[in-house]
Structures are given as structure tokens and as C-alpha cells.
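Enquirer: Provided herewith: work.cif, mmCIF, C-alpha atoms.
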data_query
#
loop_
_atom_site.group_PDB
_atom_site.id
_atom_site.type_symbol
_atom_site.label_atom_id
_atom_site.label_comp_id
_atom_site.auth_asym_id
_atom_site.auth_seq_id
_atom_site.Cartn_x
_atom_site.Cartn_y
_atom_site.Cartn_z
ATOM 1 C CA MET A 1 0.098 17.819 -6.918
ATOM 2 C CA LEU A 2 0.482 14.587 -4.954
ATOM 3 C CA THR A 3 -0.447 11.146 -6.205
ATOM 4 C CA ALA A 4 -1.071 8.408 -3.661
ATOM 5 C CA TYR A 5 -0.377 4.852 -4.781
ATOM 6 C CA ILE A 6 -2.100 2.221 -2.644
ATOM 7 C CA ASP A 7 -1.405 -1.477 -2.183
ATOM 8 C CA GLU A 8 -1.919 -4.074 0.527
ATOM 9 C CA SER A 9 -0.202 -6.797 2.469
ATOM 10 C CA MET A 10 -1.788 -9.350 4.751
ATOM 11 C CA ARG A 11 -0.351 -12.063 6.938
ATOM 12 C CA ARG A 12 -1.351 -14.483 9.604
ATOM 13 C CA ARG A 13 0.965 -13.629 12.486
ATOM 14 C CA ARG A 14 3.454 -16.353 13.234
ATOM 15 C CA GLY A 15 2.693 -18.224 16.437
ATOM 16 C CA GLU A 16 -0.500 -16.245 17.088
ATOM 17 C CA ALA A 17 -4.191 -16.594 16.327
ATOM 18 C CA SER A 18 -4.294 -13.131 14.810
ATOM 19 C CA CYS A 19 -3.753 -11.571 11.416
ATOM 20 C CA VAL A 20 -2.443 -8.277 10.152
ATOM 21 C CA TYR A 21 -3.891 -6.320 7.258
ATOM 22 C CA VAL A 22 -1.854 -3.398 5.964
ATOM 23 C CA LEU A 23 -2.946 -0.854 3.380
ATOM 24 C CA ALA A 24 -0.097 1.420 2.360
ATOM 25 C CA ALA A 25 -0.323 4.718 0.501
ATOM 26 C CA VAL A 26 2.875 6.131 -0.943
ATOM 27 C CA LEU A 27 2.638 9.839 -1.725
ATOM 28 C CA VAL A 28 4.614 10.894 -4.773
ATOM 29 C CA PRO A 29 4.922 14.542 -5.819
ATOM 30 C CA ASP A 30 4.455 15.090 -9.566
ATOM 31 C CA ASP A 31 8.042 16.238 -9.989
ATOM 32 C CA ALA A 32 9.306 12.943 -8.499
ATOM 33 C CA GLU A 33 7.309 10.554 -10.726
ATOM 34 C CA SER A 34 10.128 9.969 -13.217
ATOM 35 C CA THR A 35 12.667 9.413 -10.423
ATOM 36 C CA VAL A 36 10.416 6.867 -8.735
ATOM 37 C CA ARG A 37 9.769 5.061 -12.018
ATOM 38 C CA ALA A 38 13.452 4.962 -12.999
ATOM 39 C CA THR A 39 14.568 3.777 -9.553
ATOM 40 C CA MET A 40 11.968 1.040 -9.336
ATOM 41 C CA GLU A 41 12.494 -0.125 -12.923
ATOM 42 C CA GLY A 42 16.197 -0.371 -12.110
ATOM 43 C CA LEU A 43 15.305 -2.752 -9.260
ATOM 44 C CA ARG A 44 13.404 -5.234 -11.439
ATOM 45 C CA HIS A 45 15.108 -8.592 -11.438
ATOM 46 C CA GLY A 46 15.315 -11.083 -14.276
ATOM 47 C CA ARG A 47 12.157 -11.239 -16.369
ATOM 48 C CA SER A 48 9.891 -9.806 -13.693
ATOM 49 C CA ARG A 49 7.821 -6.922 -15.013
ATOM 50 C CA VAL A 50 7.309 -5.497 -11.502
ATOM 51 C CA VAL A 51 9.028 -5.321 -8.123
ATOM 52 C CA HIS A 52 6.969 -7.359 -5.667
ATOM 53 C CA TRP A 53 7.987 -7.653 -1.999
ATOM 54 C CA ARG A 54 6.837 -11.191 -1.355
ATOM 55 C CA ARG A 55 8.641 -12.610 -4.409
ATOM 56 C CA GLU A 56 12.016 -11.056 -3.569
ATOM 57 C CA ARG A 57 14.916 -12.776 -1.801
ATOM 58 C CA PRO A 58 15.931 -11.354 1.615
ATOM 59 C CA GLU A 59 19.060 -9.620 0.311
ATOM 60 C CA ARG A 60 17.046 -7.998 -2.476
ATOM 61 C CA ARG A 61 14.478 -6.762 0.049
ATOM 62 C CA THR A 62 17.269 -4.876 1.827
ATOM 63 C CA LEU A 63 18.388 -3.349 -1.470
ATOM 64 C CA ILE A 64 14.807 -2.379 -2.341
ATOM 65 C CA ALA A 65 14.041 -0.882 1.081
ATOM 66 C CA SER A 66 17.273 1.142 0.931
ATOM 67 C CA ALA A 67 16.395 2.447 -2.525
ATOM 68 C CA ILE A 68 12.887 3.432 -1.421
ATOM 69 C CA ALA A 69 14.324 5.196 1.632
ATOM 70 C CA GLY A 70 16.294 7.363 -0.780
ATOM 71 C CA LEU A 71 13.258 8.391 -2.825
ATOM 72 C CA PRO A 72 11.468 11.737 -2.323
ATOM 73 C CA VAL A 73 8.263 10.017 -1.178
ATOM 74 C CA THR A 74 6.341 9.653 2.055
ATOM 75 C CA GLY A 75 4.083 6.889 3.211
ATOM 76 C CA LEU A 76 0.885 6.604 5.165
ATOM 77 C CA VAL A 77 0.018 3.089 6.290
ATOM 78 C CA ALA A 78 -3.239 1.879 7.843
ATOM 79 C CA VAL A 79 -2.699 -1.202 10.012
ATOM 80 C CA CYS A 80 -5.457 -3.499 11.246
ATOM 81 C CA LEU A 81 -4.536 -6.291 13.656
ATOM 82 C CA HIS A 82 -7.480 -8.653 13.852
ATOM 83 C CA ASP A 83 -8.615 -12.093 14.930
ATOM 84 C CA ALA A 84 -8.397 -14.860 12.365
ATOM 85 C CA GLU A 85 -12.215 -15.020 12.272
ATOM 86 C CA VAL A 86 -12.440 -11.497 10.856
ATOM 87 C CA ARG A 87 -12.588 -11.543 7.076
ATOM 88 C CA SER A 88 -9.746 -9.761 5.313
ATOM 89 C CA GLU A 89 -12.295 -7.777 3.255
ATOM 90 C CA ARG A 90 -13.641 -6.257 6.478
ATOM 91 C CA ALA A 91 -10.121 -5.301 7.550
ATOM 92 C CA ARG A 92 -9.472 -3.830 4.089
ATOM 93 C CA ARG A 93 -12.694 -1.787 4.190
ATOM 94 C CA ARG A 94 -11.776 -0.355 7.609
ATOM 95 C CA CYS A 95 -8.246 0.470 6.451
ATOM 96 C CA LEU A 96 -9.481 2.042 3.210
ATOM 97 C CA LEU A 97 -11.975 4.222 5.090
ATOM 98 C CA ARG A 98 -9.245 5.538 7.369
ATOM 99 C CA LEU A 99 -6.636 5.911 4.658
ATOM 100 C CA LEU A 100 -8.866 7.848 2.258
ATOM 101 C CA ASP A 101 -9.956 10.142 5.090
ATOM 102 C CA GLU A 102 -6.301 10.830 5.926
ATOM 103 C CA LEU A 103 -5.438 11.425 2.258
ATOM 104 C CA ALA A 104 -8.355 13.844 1.884
ATOM 105 C CA ARG A 105 -7.068 15.796 4.897
ATOM 106 C CA ARG A 106 -3.686 16.042 3.146
ATOM 107 C CA ASP A 107 -5.361 17.380 -0.026
ATOM 108 C CA VAL A 108 -4.219 14.452 -2.166
ATOM 109 C CA GLU A 109 -5.865 14.922 -5.553
ATOM 110 C CA ARG A 110 -5.096 11.620 -7.267
ATOM 111 C CA VAL A 111 -5.265 8.102 -5.816
ATOM 112 C CA ILE A 112 -4.255 4.977 -7.725
ATOM 113 C CA LEU A 113 -5.058 1.630 -6.144
ATOM 114 C CA GLU A 114 -3.739 -1.680 -7.374
ATOM 115 C CA THR A 115 -6.608 -3.423 -9.076
ATOM 116 C CA ARG A 116 -8.073 -6.558 -7.574
ATOM 117 C CA HIS A 117 -10.351 -6.833 -10.608
ATOM 118 C CA GLU A 118 -13.834 -8.022 -9.549
ATOM 119 C CA GLN A 119 -13.084 -7.079 -5.918
ATOM 120 C CA ASP A 120 -12.632 -3.440 -6.928
ATOM 121 C CA ALA A 121 -16.419 -3.066 -6.646
ATOM 122 C CA ALA A 122 -16.158 -3.342 -2.845
ATOM 123 C CA ASP A 123 -13.587 -0.515 -2.817
ATOM 124 C CA ARG A 124 -15.809 1.597 -5.064
ATOM 125 C CA ALA A 125 -18.685 1.141 -2.611
ATOM 126 C CA VAL A 126 -16.446 2.489 0.172
ATOM 127 C CA VAL A 127 -15.534 5.499 -1.983
ATOM 128 C CA THR A 128 -19.197 6.154 -2.796
ATOM 129 C CA GLY A 129 -20.044 6.162 0.913
ATOM 130 C CA LEU A 130 -17.187 8.553 1.663
ATOM 131 C CA ARG A 131 -18.261 10.873 -1.150
ATOM 132 C CA LYS A 132 -21.859 10.904 0.132
ATOM 133 C CA ALA A 133 -20.566 11.709 3.626
ATOM 134 C CA LYS A 134 -18.443 14.529 2.107
ATOM 135 C CA VAL A 135 -15.250 12.978 3.532
ATOM 136 C CA VAL A 136 -13.859 12.556 0.016
ATOM 137 C CA THR A 137 -14.753 15.235 -2.516
ATOM 138 C CA ASP A 138 -14.992 14.990 -6.281
ATOM 139 C CA ALA A 139 -11.630 16.790 -6.399
ATOM 140 C CA MET A 140 -9.966 13.496 -5.465
ATOM 141 C CA SER A 141 -9.781 11.181 -8.459
ATOM 142 C CA LEU A 142 -9.522 7.446 -7.762
ATOM 143 C CA THR A 143 -8.587 4.745 -10.249
ATOM 144 C CA TRP A 144 -7.733 1.061 -10.015
ATOM 145 C CA GLU A 145 -4.792 0.021 -12.162
ATOM 146 C CA ASP A 146 -2.591 -2.951 -12.968
ATOM 147 C CA PRO A 147 0.896 -2.396 -11.514
ATOM 148 C CA GLY A 148 2.612 -2.311 -14.915
ATOM 149 C CA ALA A 149 5.548 -0.090 -15.781
ATOM 150 C CA TRP A 150 3.476 3.096 -15.859
ATOM 151 C CA PHE A 151 2.485 2.584 -12.237
ATOM 152 C CA ALA A 152 5.816 1.949 -10.512
ATOM 153 C CA GLY A 153 4.424 3.857 -7.518
ATOM 154 C CA LEU A 154 2.290 0.769 -6.881
ATOM 155 C CA TRP A 155 5.504 -1.250 -6.581
ATOM 156 C CA VAL A 156 6.705 1.147 -3.889
ATOM 157 C CA ALA A 157 3.381 0.836 -2.046
ATOM 158 C CA ASP A 158 3.602 -2.967 -2.242
ATOM 159 C CA CYS A 159 7.107 -2.919 -0.764
ATOM 160 C CA VAL A 160 6.196 -0.487 2.022
ATOM 161 C CA ALA A 161 3.128 -2.577 2.896
ATOM 162 C CA GLY A 162 5.259 -5.721 2.874
ATOM 163 C CA ALA A 163 7.953 -4.205 5.069
ATOM 164 C CA VAL A 164 5.334 -3.096 7.620
ATOM 165 C CA SER A 165 3.517 -6.446 7.725
ATOM 166 C CA TRP A 166 6.799 -8.339 8.040
ATOM 167 C CA TRP A 167 7.895 -5.986 10.848
ATOM 168 C CA LEU A 168 4.651 -6.705 12.694
ATOM 169 C CA ASP A 169 5.483 -10.391 12.333
ATOM 170 C CA GLY A 170 8.911 -9.960 13.920
ATOM 171 C CA HIS A 171 11.088 -9.175 10.881
ATOM 172 C CA GLY A 172 11.946 -5.509 11.413
ATOM 173 C CA THR A 173 15.159 -5.151 9.419
ATOM 174 C CA HIS A 174 13.541 -3.559 6.393
ATOM 175 C CA TRP A 175 11.056 -1.460 8.325
ATOM 176 C CA SER A 176 13.916 0.242 10.151
ATOM 177 C CA LEU A 177 15.108 1.608 6.792
ATOM 178 C CA LEU A 178 11.691 3.109 5.995
ATOM 179 C CA GLU A 179 10.195 4.214 9.298
ATOM 180 C CA GLY A 180 11.524 7.780 9.044
ATOM 181 C CA GLN A 181 9.340 8.548 6.041
ATOM 182 C CA VAL A 182 6.235 6.487 6.876
ATOM 183 C CA THR A 183 3.388 7.316 9.262
ATOM 184 C CA LEU A 184 1.407 4.427 10.729
ATOM 185 C CA VAL A 185 -2.270 4.717 11.669
ATOM 186 C CA ASP A 186 -3.976 2.089 13.767
ATOM 187 C CA VAL A 187 -7.353 0.762 12.613
ATOM 188 C CA GLU A 188 -9.833 -1.280 14.641
ATOM 189 C CA ALA A 189 -11.517 -4.225 12.923
ATOM 190 C CA ASP A 190 -14.783 -3.919 14.889
#
Could you render the structure from this file as C-alpha cells?
Expert:
Amino acid sequence: MLTAYIDESMRRRRGEASCVYVLAAVLVPDDAESTVRATMEGLRHGRSRVVHWRRERPERRTLIASAIAGLPVTGLVAVCLHDAEVRSERARRRCLLRLLDELARRDVERVILETRHEQDAADRAVVTGLRKAKVVTDAMSLTWEDPGAWFAGLWVADCVAGAVSWWLDGHGTHWSLLEGQVTLVDVEAD
């Protein structure tokens, strides 16, 4: 069985009037869960309870991207480039629609999204619509979780999303380490 861990990254593109919204799913086979957890826990720094892309120093990002590149995981990343006037929630909804459709086609049975607490209701509405349209079946379980130690896959998704959004903003060093195991899908904000 595959578990998909999903997290986001968003940025206003430097020097442009546009933004990027990235929703990354990292697919982890059941037999790789302990390896992913051990690797990511080994990358925690100081008192941090998680690995979080944005909080890391540049040299640590290289270390983290290299470690992820060595894991038996694949990634699927929905990317929405949009005007600054478009709300990030709209971009997220579009990305989530596309990503869950792609995961359903890959027969992913379990999806864990990083919780955004009260904003999770908007995600649940998207899932309900996809279930009614028979795009996502009841065979796919979806939960929203805090990225604590039991959900180190969310740390990987955060780092993949961060590497992609930074690459789209002109910082491609880390993306080049990951691109061989990640598929990008383009999403329109309309």
C-alpha cells in the first residue's frame, strides 16, 4: 500500500506580479515508512521537533534534499502560477482537485494532509465534491494531521514543496537533486 503525504508551499515570485502555489504529495510505500521516519528524524536540528524547509539554513537544505533523494519515495507536485489578485485558497483548491485525481489514478489508498486546523473544512469540501463525482472513492482514506514525529512523511512533502517553489523563484540548486523522483503537474488558477 502507498501513503501520500501532502503539504504546501507558496511564494510571491521575486521581481514579478505573480505568485506560485505548490501542493506536493510524497508517496511512501508501507515498507519504507520506518526508513523515511528514521532519516527525517536524523535531520532534525537543535530543539526543532520537525524538519521544515523554510526554517532551514541553505547548507542544511542541500543536506536535506540529498537525503530525500536517497529515500525510496516518489513525488507528485501540483503547481499553480497565478496573479497576485488570485486568493491562495483558490490556488490550493485547484491544486488539491488535480492532485487527488492523480493519486486516485495511482490507486493510493491513504492520504495524510498537514492540518491547517479551521481551514481543513475547505479541503474536506473539495474531497466531498470529488467523492460525489466518483473521482475519489471511499477506498481512499484522507486525514489531516499535525506534522509530529509520527508523520515524518509530511516533513518530506514540506521539503519537496519548498524545493519546487524555490526553483520556480530562481533557486534551482535543491530541485536538481529531487527532480528525478518527482513529477510536476501544471494547474490553471481560472
Enquirer: Please measure the separation of CA of Ser176 in chain A and CA of Arg11 in chain A, giving the value in Å to one decimal.
Expert: 19.1 Å
Enquirer: Looking at A:Met140, A:Ala122, A:Val73, A:Val20, which one is nearest to Thr183 in chain A, with distances taken over all atoms listed in the file?
Expert: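 With all atoms listed in the file as the atom set, the closest residue is A:Val73.
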Enquirer: Using all atoms listed in the file, pick whichever of A:Gly180, A:Leu76, A:Lys132, A:Glu188 has the shortest atom-to-atom distance to Asp7 in chain A.
Expert: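 Smallest distance to Asp7 in chain A is found for A:Leu76.
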Enquirer: Under the rule that all atoms listed in the file are counted, which of A:Thr62, A:Thr35, A:Thr128, A:Ser165 is the nearest residue to Leu100 in chain A?
Expert: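 Smallest separation from Leu100 in chain A among the options: A:Thr128.
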Enquirer: With a distance cut-off of 10 Å and all atoms listed in the file, select the neighbouring residues of Leu184 in chain A, excluding the residue or stretch itself and same-chain residues fewer than 2 positions from it, and output the selection as a VMD selection string.
Expert: chain A and resid 22 24 75 to 79 164 179 182 186 to 187
Enquirer: Output C-alpha atoms for every residue in the selection just made, as a short mmCIF file (atom, residue, chain, number, x, y, z; two decimals), keeping the file's coordinate frame.
Expert:
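As written to disk, again.cif reads:
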data_model
loop_
_atom_site.label_atom_id
_atom_site.label_comp_id
_atom_site.auth_asym_id
_atom_site.auth_seq_id
_atom_site.Cartn_x
_atom_site.Cartn_y
_atom_site.Cartn_z
CA VAL A 22 -1.85 -3.40 5.96
CA ALA A 24 -0.10 1.42 2.36
CA GLY A 75 4.08 6.89 3.21
CA LEU A 76 0.88 6.60 5.16
CA VAL A 77 0.02 3.09 6.29
CA ALA A 78 -3.24 1.88 7.84
CA VAL A 79 -2.70 -1.20 10.01
CA VAL A 164 5.33 -3.10 7.62
CA GLU A 179 10.20 4.21 9.30
CA VAL A 182 6.24 6.49 6.88
CA ASP A 186 -3.98 2.09 13.77
CA VAL A 187 -7.35 0.76 12.61
#
Enquirer: Looking at only C-alpha atoms, which of A:Asp138, A:Glu8, A:Glu102, A:Asp146 is the one that sits closest to Arg54 in chain A?
Expert: A:Glu8
Enquirer: As an exercise, work out the distance from CA of Arg87 in chain A to CA of Ala4 in chain A in Å and give it to one decimal place.
Expert: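 Taking CA of Arg87 in chain A as the start and CA of Ala4 in chain A as the end point, the length is 25.4 Å.
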Enquirer: Show me the residues close to (-1.9, -0.3, -8.4) - anything with an atom within 6 Å, counting only C-alpha atoms - and format the list as an MDAnalysis selection string.
Expert: chainID A and resid 112:115 145:147 154
Enquirer: For Glu56 in chain A, which residue out of A:Gly170, A:Val36, A:Asp158, A:Ala25 is the nearest one, using all atoms listed in the file?
Expert: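 Checking each candidate against Glu56 in chain A, we get A:Asp158 as the closest.
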Enquirer: Separation of CA of Val136 in chain A and CA of Ala104 in chain A, in Å?
Expert: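 Going from CA of Val136 in chain A over to CA of Ala104 in chain A covers 6.0 Å.
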Enquirer: Go through A:Gly42, A:Val50, A:Arg116, A:Gly172 and flag the residue nearest Leu63 in chain A, using all atoms listed in the file for the distances.
Expert: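 Comparing A:Gly42, A:Val50, A:Arg116, A:Gly172 against Leu63 in chain A, the winner is A:Gly42.
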Enquirer: Please provide as an mmCIF file with C-alpha atoms, in the coordinates of the input all residues within 12 Å of Ser48 in chain A, with the sequence filter that same-chain residues fewer than 4 positions apart are discarded (counting all atoms listed in the file).
Expert:
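New file part-v8.cif:
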data_model
loop_
_atom_site.group_PDB
_atom_site.id
_atom_site.type_symbol
_atom_site.label_atom_id
_atom_site.label_comp_id
_atom_site.auth_asym_id
_atom_site.auth_seq_id
_atom_site.Cartn_x
_atom_site.Cartn_y
_atom_site.Cartn_z
ATOM 1 C CA MET A 40 11.968 1.040 -9.336
ATOM 2 C CA GLU A 41 12.494 -0.125 -12.923
ATOM 3 C CA GLY A 42 16.197 -0.371 -12.110
ATOM 4 C CA LEU A 43 15.305 -2.752 -9.260
ATOM 5 C CA ARG A 44 13.404 -5.234 -11.439
ATOM 6 C CA HIS A 52 6.969 -7.359 -5.667
ATOM 7 C CA ARG A 55 8.641 -12.610 -4.409
ATOM 8 C CA GLU A 56 12.016 -11.056 -3.569
ATOM 9 C CA PRO A 147 0.896 -2.396 -11.514
ATOM 10 C CA GLY A 148 2.612 -2.311 -14.915
ATOM 11 C CA ALA A 149 5.548 -0.090 -15.781
ATOM 12 C CA TRP A 155 5.504 -1.250 -6.581
#
Enquirer: Please write as a ChimeraX atom specification the full residue list that the PyMOL selection byres ((chain A and resi 30) around 8) yields on this file.
Expert: /A:1-3,28-29,31-33
Enquirer: As lines of an AutoDock Vina configuration file, please report the centre and edge lengths, rounded to one decimal in Å, of the axis-aligned box that holds all listed atoms of range 118-122 of chain A with 6 Å of padding on each of the six sides.
Expert:
center_x = -14.5
center_y = -5.5
center_z = -6.2
size_x = 15.8
size_y = 17.0
size_z = 18.7
Enquirer: Can you pull out the residues contacting Trp53 in chain A? Cut-off 7 Å, using only C-alpha atoms, and skip same-chain residues under 5 positions away; I want them as a PyMOL selection string.
Expert: chain A and resi 61+158-159+162
